[in-house]
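The structure file coords_26.txt is reproduced below (compact mmCIF, C-alpha atoms).
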```txt
# COMPACT_ATOMS: atom_id res chain seq x y z
CA MET J 1 84.45 88.57 102.13
CA SER J 2 87.34 88.84 104.59
CA TYR J 3 90.64 90.67 104.33
CA ASN J 4 93.77 89.56 106.14
CA PHE J 5 96.65 92.04 106.24
CA SER J 6 100.23 91.23 107.06
CA ARG J 7 102.26 93.41 109.44
CA ARG J 8 104.04 95.00 106.46
CA GLN J 9 100.74 95.77 104.71
CA ILE J 10 99.27 97.30 107.86
CA LEU J 11 102.23 99.62 108.29
CA LYS J 12 102.33 100.57 104.63
CA THR J 13 98.64 101.35 104.20
CA ALA J 14 98.13 103.06 107.54
CA GLY J 15 101.41 104.97 107.41
CA PHE J 16 102.56 103.80 110.83
CA ILE J 17 106.03 104.28 112.25
CA THR J 18 107.25 101.35 114.29
CA GLY J 19 109.19 101.62 117.52
CA ALA J 20 110.23 99.64 120.54
CA ALA J 21 107.99 99.75 123.58
CA SER J 22 106.61 97.49 126.25
CA VAL J 23 103.37 95.77 125.34
CA GLY J 24 102.42 95.14 128.96
CA SER J 25 99.82 97.11 130.86
CA THR J 26 100.56 100.84 131.00
CA PRO J 27 100.50 102.59 134.42
CA LEU J 28 97.95 105.35 134.74
CA LEU J 29 99.28 108.80 134.05
CA SER J 30 97.79 110.05 137.32
CA ASN J 31 100.15 107.75 139.21
CA PHE J 32 103.07 109.86 138.04
CA ILE J 33 101.85 113.41 137.49
CA THR J 34 99.73 115.66 139.67
CA GLY J 35 99.15 119.37 139.34
CA SER J 36 96.64 122.09 138.59
CA ASN J 37 95.85 124.58 135.87
CA THR J 38 98.19 127.55 136.24
CA ASP J 39 95.80 129.92 134.48
CA SER J 40 93.95 131.08 137.59
CA SER J 41 91.92 133.71 135.76
CA ALA J 42 90.55 131.16 133.31
CA GLN J 43 89.67 128.86 136.18
CA ALA J 44 87.86 131.65 137.96
CA GLU J 45 85.82 132.50 134.87
CA GLU J 46 84.88 128.95 133.91
CA PRO J 47 85.96 126.40 136.52
CA ASN J 48 84.36 123.41 134.75
CA LYS J 49 85.70 124.20 131.27
CA LEU J 50 88.14 121.60 129.97
CA ALA J 51 91.50 122.97 128.89
CA ALA J 52 93.14 121.89 125.64
CA PRO J 53 94.79 119.56 124.88
CA GLN J 54 93.14 116.47 126.38
CA MET J 55 94.80 113.03 126.67
CA VAL J 56 93.30 109.54 126.37
CA ILE J 57 95.25 106.35 127.12
CA ASN J 58 94.65 102.65 126.50
CA SER J 59 91.39 102.88 124.58
CA ARG J 60 90.18 99.76 122.75
CA MET J 61 90.18 100.82 119.09
CA LEU J 62 89.18 99.48 115.68
CA TYR J 63 90.23 101.94 112.95
CA PHE J 64 90.06 101.25 109.22
CA GLY J 65 88.97 102.57 105.84
CA TRP J 66 87.21 101.41 102.69
CA ILE J 67 86.01 102.35 99.21
CA PRO J 68 82.32 103.38 99.30
CA GLU J 69 79.43 102.16 97.22
CA ASP J 70 78.66 105.73 96.11
CA SER J 71 81.83 107.82 95.93
CA THR J 72 79.88 110.79 94.55
CA ALA J 73 77.66 110.87 97.65
CA VAL J 74 80.72 110.82 99.90
CA LYS J 75 82.45 113.59 97.97
CA SER J 76 79.30 115.74 98.20
CA LEU J 77 79.74 115.77 102.00
CA VAL J 78 83.13 117.50 101.68
CA PRO J 79 83.20 121.33 101.44
CA ASN J 80 84.15 122.65 98.00
CA ARG J 81 87.28 124.20 99.46
CA PHE J 82 88.86 120.75 99.90
CA THR J 83 89.69 117.94 97.49
CA PRO J 84 88.38 114.49 98.47
CA ASN J 85 90.34 111.36 97.76
CA TYR J 86 89.86 110.56 94.06
CA ARG J 87 88.11 107.28 94.92
CA GLY J 88 86.02 108.81 97.70
CA ALA J 89 87.84 106.74 100.35
CA VAL J 90 86.09 106.63 103.74
CA PHE J 91 87.60 106.16 107.22
CA MET J 92 85.99 105.04 110.48
CA ASN J 93 87.18 104.74 114.06
CA GLN J 94 85.14 102.73 116.59
CA TYR J 95 86.59 102.86 120.09
CA VAL J 96 85.81 102.63 123.79
CA VAL J 97 87.41 104.36 126.78
CA ASP J 98 86.40 102.14 129.68
CA THR J 99 87.29 104.21 132.78
CA ASP J 100 87.57 107.82 133.88
CA GLU J 101 91.20 107.23 134.85
CA GLN J 102 92.14 106.74 131.19
CA THR J 103 91.57 110.42 130.39
CA SER J 104 92.88 113.77 131.56
CA GLY J 105 89.38 115.21 131.86
CA PHE J 106 86.90 113.60 129.47
CA GLY J 107 85.96 110.68 131.68
CA ALA J 108 84.89 107.30 130.27
CA TYR J 109 83.12 107.38 126.89
CA SER J 110 82.65 105.56 123.59
CA LEU J 111 82.89 107.00 120.10
CA THR J 112 82.45 106.23 116.44
CA TYR J 113 83.51 108.79 113.90
CA LEU J 114 83.52 108.61 110.10
CA GLY J 115 84.40 110.79 107.17
CA ALA J 116 86.28 111.31 103.94
CA ASP J 117 89.98 111.19 103.17
CA LEU J 118 91.36 114.41 101.66
CA GLN J 119 94.12 115.19 99.20
CA ASN J 120 96.89 117.78 99.68
CA LEU J 121 96.36 118.10 103.45
CA ASP J 122 98.50 115.27 104.80
CA ALA J 123 99.32 115.01 108.49
CA PRO J 124 102.90 115.88 109.50
CA GLY J 125 105.24 113.35 107.98
CA GLY J 126 103.28 113.18 104.73
CA VAL J 127 102.08 109.61 105.26
CA ASN J 128 98.55 109.80 106.69
CA PRO J 129 96.02 111.87 104.71
CA GLY J 130 94.11 114.76 106.20
CA ARG J 131 90.53 113.80 106.96
CA TRP J 132 87.13 115.49 107.07
CA TRP J 133 84.63 114.37 109.70
CA THR J 134 81.10 113.81 108.38
CA HIS J 135 79.64 111.96 111.42
CA TYR J 136 80.66 111.72 115.07
CA PHE J 137 78.62 109.66 117.57
CA ASN J 138 79.75 110.15 121.17
CA SER J 139 78.33 108.80 124.42
CA SER J 140 79.61 111.65 126.64
CA SER J 141 77.99 115.08 126.92
CA THR J 142 81.32 116.37 128.25
CA VAL J 143 83.21 115.30 125.14
CA ILE J 144 80.41 116.48 122.85
CA LYS J 145 80.54 119.96 124.36
CA TYR J 146 84.33 120.08 124.05
CA VAL J 147 84.44 119.05 120.39
CA LEU J 148 81.42 121.10 119.26
CA GLU J 149 83.36 124.20 120.26
CA ARG J 150 86.03 123.07 117.80
CA GLY J 151 83.68 122.45 114.89
CA VAL J 152 83.32 118.68 115.16
CA PRO J 153 79.85 117.46 113.97
CA ALA J 154 79.20 115.65 117.25
CA THR J 155 75.89 113.99 118.13
CA PRO J 156 74.92 111.54 120.90
CA GLY J 157 75.62 107.88 120.25
CA ARG J 158 77.04 104.73 121.76
CA THR J 159 79.70 102.28 120.61
CA THR J 160 80.38 98.81 121.98
CA LEU J 161 83.31 96.50 121.22
CA SER J 162 82.54 92.89 122.14
CA LEU J 163 85.33 90.32 121.92
CA ASN J 164 84.40 86.63 122.00
CA GLY J 165 87.43 84.45 121.35
CA ASN J 166 88.99 85.97 118.25
CA THR J 167 85.75 87.51 116.96
CA LEU J 168 85.34 91.24 117.57
CA ILE J 169 81.98 92.91 116.96
CA ALA J 170 81.87 96.71 117.02
CA THR J 171 78.38 98.21 117.05
CA THR J 172 77.50 101.88 116.71
CA GLU J 173 74.14 103.22 117.91
CA SER J 174 72.41 106.54 117.25
CA ASN J 175 69.32 107.40 119.31
CA GLY J 176 69.45 103.87 120.70
CA ILE J 177 69.23 102.28 117.24
CA PRO J 178 72.14 100.23 115.82
CA ILE J 179 73.31 101.87 112.59
CA ILE J 180 76.74 100.27 111.93
CA ARG J 181 78.11 96.85 112.76
CA THR J 182 81.65 95.73 112.05
CA THR J 183 82.72 92.11 112.42
CA ALA J 184 86.46 91.53 112.66
CA ARG J 185 88.72 88.61 113.45
CA VAL J 186 91.61 89.58 115.70
CA SER J 187 94.37 87.90 117.67
CA ASN J 188 95.83 88.81 121.05
CA THR J 189 99.38 89.05 119.69
CA ILE J 190 100.83 92.57 119.57
CA ALA J 191 102.63 93.08 116.25
CA ASN J 192 104.38 96.30 117.23
CA VAL J 193 103.80 99.76 118.62
CA ALA J 194 102.70 102.27 115.99
CA SER J 195 103.02 106.01 116.44
CA GLY J 196 102.49 109.16 114.44
CA GLN J 197 100.02 111.97 113.87
CA LEU J 198 96.64 112.37 112.20
CA ARG J 199 95.04 115.54 110.85
CA TYR J 200 91.31 116.27 111.04
CA ILE J 201 89.64 119.31 109.48
CA THR J 202 86.57 120.94 111.05
CA LYS J 203 84.35 123.94 110.38
CA LYS J 204 83.64 126.21 113.34
CA ALA J 205 80.46 128.15 114.04
CA ASN J 206 81.99 131.37 112.68
CA GLY J 207 82.53 129.70 109.30
CA SER J 208 86.29 129.29 109.58
CA PHE J 209 88.01 125.97 108.93
CA SER J 210 90.41 124.55 111.47
CA SER J 211 93.13 121.92 111.20
CA GLY J 212 93.91 119.85 114.29
CA VAL J 213 96.85 117.46 114.57
CA TYR J 214 96.33 114.44 116.82
CA PRO J 215 99.37 112.45 118.04
CA TYR J 216 98.82 108.77 118.78
CA VAL J 217 100.57 105.64 120.05
CA ALA J 218 98.86 102.28 119.46
CA GLU J 219 99.69 98.64 120.19
CA ILE J 220 98.39 96.85 117.10
CA VAL J 221 97.66 93.14 116.78
CA THR J 222 98.42 90.62 114.07
CA PRO J 223 96.75 88.90 112.37
CA TRP J 224 93.49 90.74 111.96
CA GLN J 225 90.68 90.73 109.38
CA ILE J 226 87.62 92.76 108.57
CA VAL J 227 85.04 90.05 108.03
CA ASP J 228 82.01 92.26 107.38
CA LEU J 229 80.89 95.90 107.56
CA GLU J 230 77.14 96.53 107.71
CA PHE J 231 75.25 99.83 107.52
CA LEU J 232 71.99 98.85 109.13
CA GLN J 233 69.63 101.80 108.57
CA PRO J 234 69.15 103.00 104.97
CA SER J 235 67.14 105.96 106.26
CA HIS J 236 70.03 107.27 108.38
CA PRO J 237 72.32 109.94 106.79
CA VAL J 238 75.42 107.86 107.60
CA TYR J 239 74.20 105.27 105.06
CA ALA J 240 75.76 107.44 102.34
CA LEU J 241 79.17 106.12 103.46
CA ARG J 242 78.30 102.43 103.11
CA PRO J 243 80.98 100.23 101.51
CA ARG J 244 80.79 98.77 98.06
CA ARG J 245 80.68 94.99 97.60
CA PRO J 246 82.96 93.14 97.68
CA LEU J 247 84.63 95.06 100.50
CA GLU J 248 87.80 96.91 99.59
CA ILE J 249 89.66 97.83 102.77
CA THR J 250 92.23 100.60 102.32
CA PHE J 251 94.01 100.53 105.70
CA GLY J 252 93.36 99.57 109.28
CA PHE J 253 94.22 98.01 112.60
CA TYR J 254 92.85 96.78 115.90
CA ALA J 255 94.59 97.97 119.07
CA PRO J 256 93.55 96.82 122.54
CA ARG J 257 95.56 99.78 123.85
CA SER J 258 95.59 103.00 121.83
CA SER J 259 96.54 106.40 123.28
CA PHE J 260 96.21 109.86 121.76
CA CYS J 261 95.65 113.57 122.40
CA TYR J 262 92.96 115.94 121.26
CA PRO J 263 94.94 118.94 119.97
CA GLY J 264 95.44 122.21 121.76
CA GLY J 265 97.04 124.13 118.90
CA GLU J 266 94.55 124.07 116.07
CA GLN J 267 95.50 126.06 112.98
CA VAL J 268 93.04 128.18 111.00
CA LEU J 269 93.12 127.25 107.31
```
Encoded form (structure tokens):
Amino acid sequence: MSYNFSRRQILKTAGFITGAASVGSTPLLSNFITGSNTDSSAQAEEPNKLAAPQMVINSRMLYFGWIPEDSTAVKSLVPNRFTPNYRGAVFMNQYVVDTDEQTSGFGAYSLTYLGADLQNLDAPGGVNPGRWWTHYFNSSSTVIKYVLERGVPATPGRTTLSLNGNTLIATTESNGIPIIRTTARVSNTIANVASGQLRYITKKANGSFSSGVYPYVAEIVTPWQIVDLEFLQPSHPVYALRPRRPLEITFGFYAPRSSFCYPGGEQVL
């Protein structure tokens, strides 16, 4: 079953704020800004350590949510301290950063992350819900190291986004085995530029919970549809987040150019 969302529905369900901006290609940040870390002591102690925050520009991104087959299983993945969405709503982001020049330090990588929507922990603005990561499949050891230090449940994985005409197939692999495949129908018409902030909650090695706020700017297309969402390996832990049938999509978008920052000012909860 497919779902086709209008521009108004996309903005309402995803909580996007529209604004005027060019939809042409964006110049690389490095063309405008050069400089070095002013904390010389930190550099001397750990010269290869990435400083926070980190910026990513113009990633190709498919981000959406759904109602799961087993909401109880999803809710069981959320720590007791937090309140999951009453329907157990799940989110997923499948995206690719094609070149090193699109990041401030991460380098090129691909990523799929999933998890559960939370209640009473909305991102600034009160539109987008706070979210708890349950799975995080990243192709870069550099990014994995960076996010593990911040409590993200990162593991190796690979994501590909293949566009053939107006058919987009996003495939997520873990240990070289495909575990998730999304089929979407997308256009090449930019609807508008969406911007805002998202909040993700993590648990650090010392047991403390941290809230990170992630600003984003995304050029979203219209029309777009989620045609199918397949969880391919019943034996894999991520299978607990599989969607119910027929699909019920709660929000989403496809953006051929999406930019964001990993936070530098996490807050202990």
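Taking atom CA of J:Gly125 and atom CA of J:Tyr113 as the two end points, the separation is 23.0 Å.
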Shortest contact to J:Met92, candidates J:Arg245, J:Gly252, J:Leu118, J:Glu266, atoms counted all atoms listed in the file, goes to J:Gly252
Find the residues with any atom within 9 Å of (85.7, 111.3, 97.0); use only C-alpha atoms and the coordinates as given in the file, and write the answer as a list in words. Pro68, Ser71, Thr72, Ala73, Val74, Lys75, Ser76, Leu77, Val78, Thr83, Pro84, Asn85, Tyr86, Arg87, Gly88, Ala89, Val90, Ala116, Asp117 and Leu118 of chain J
Padding of 4 Å on every side, edges along x, y and z, all listed atoms of stretch 141-154 of chain J included: what centre and edge lengths in Å, to one decimal, does that box have, as AutoDock Vina command-line options?
```
--center_x 82.0 --center_y 119.6 --center_z 121.1 --size_x 16.0 --size_y 17.1 --size_z 22.3
```
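With all atoms listed in the file as the atoms that count, the residue of J:Thr99, J:Ser258, J:Thr112, J:Gln54 with the shortest distance to J:Arg181 is J:Thr112.
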Please determine, counting only C-alpha atoms, which residue among J:Ile177, J:Ala51, J:Leu114, J:Val152 has the shortest atom-to-atom distance to J:Gly212.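 Closest residue, counting only C-alpha atoms: J:Val152.
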Of the candidates J:Phe231, J:Tyr63, J:Tyr239, J:Trp132, which one gets nearest to J:Ala218 if we count only C-alpha atoms?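 Checking each candidate against J:Ala218, we get J:Tyr63 as the closest.
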So, counting all atoms listed in the file, which residue among J:Leu269, J:Ala170, J:Val221, J:Cys261 is closest to J:Gly196?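 The shortest atom-to-atom distance to J:Gly196 comes from J:Cys261.
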Here is a test: counting all atoms listed in the file, which residue of J:Arg131, J:His236, J:Arg257, J:Arg81 is nearest to J:Ile201?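 Among the listed residues, the smallest separation from J:Ile201 belongs to J:Arg131.
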Atom CA of J:Ala52 and atom CA of J:Val96, how far apart in Å?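 Spanning atom CA of J:Val96 to atom CA of J:Ala52 is a straight-line distance of 20.7 Å.
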So how far away is atom CA of J:Leu50 from atom CA of J:Gly105, in Å?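 Taking atom CA of J:Gly105 as the start and atom CA of J:Leu50 as the end point, the length is 6.8 Å.
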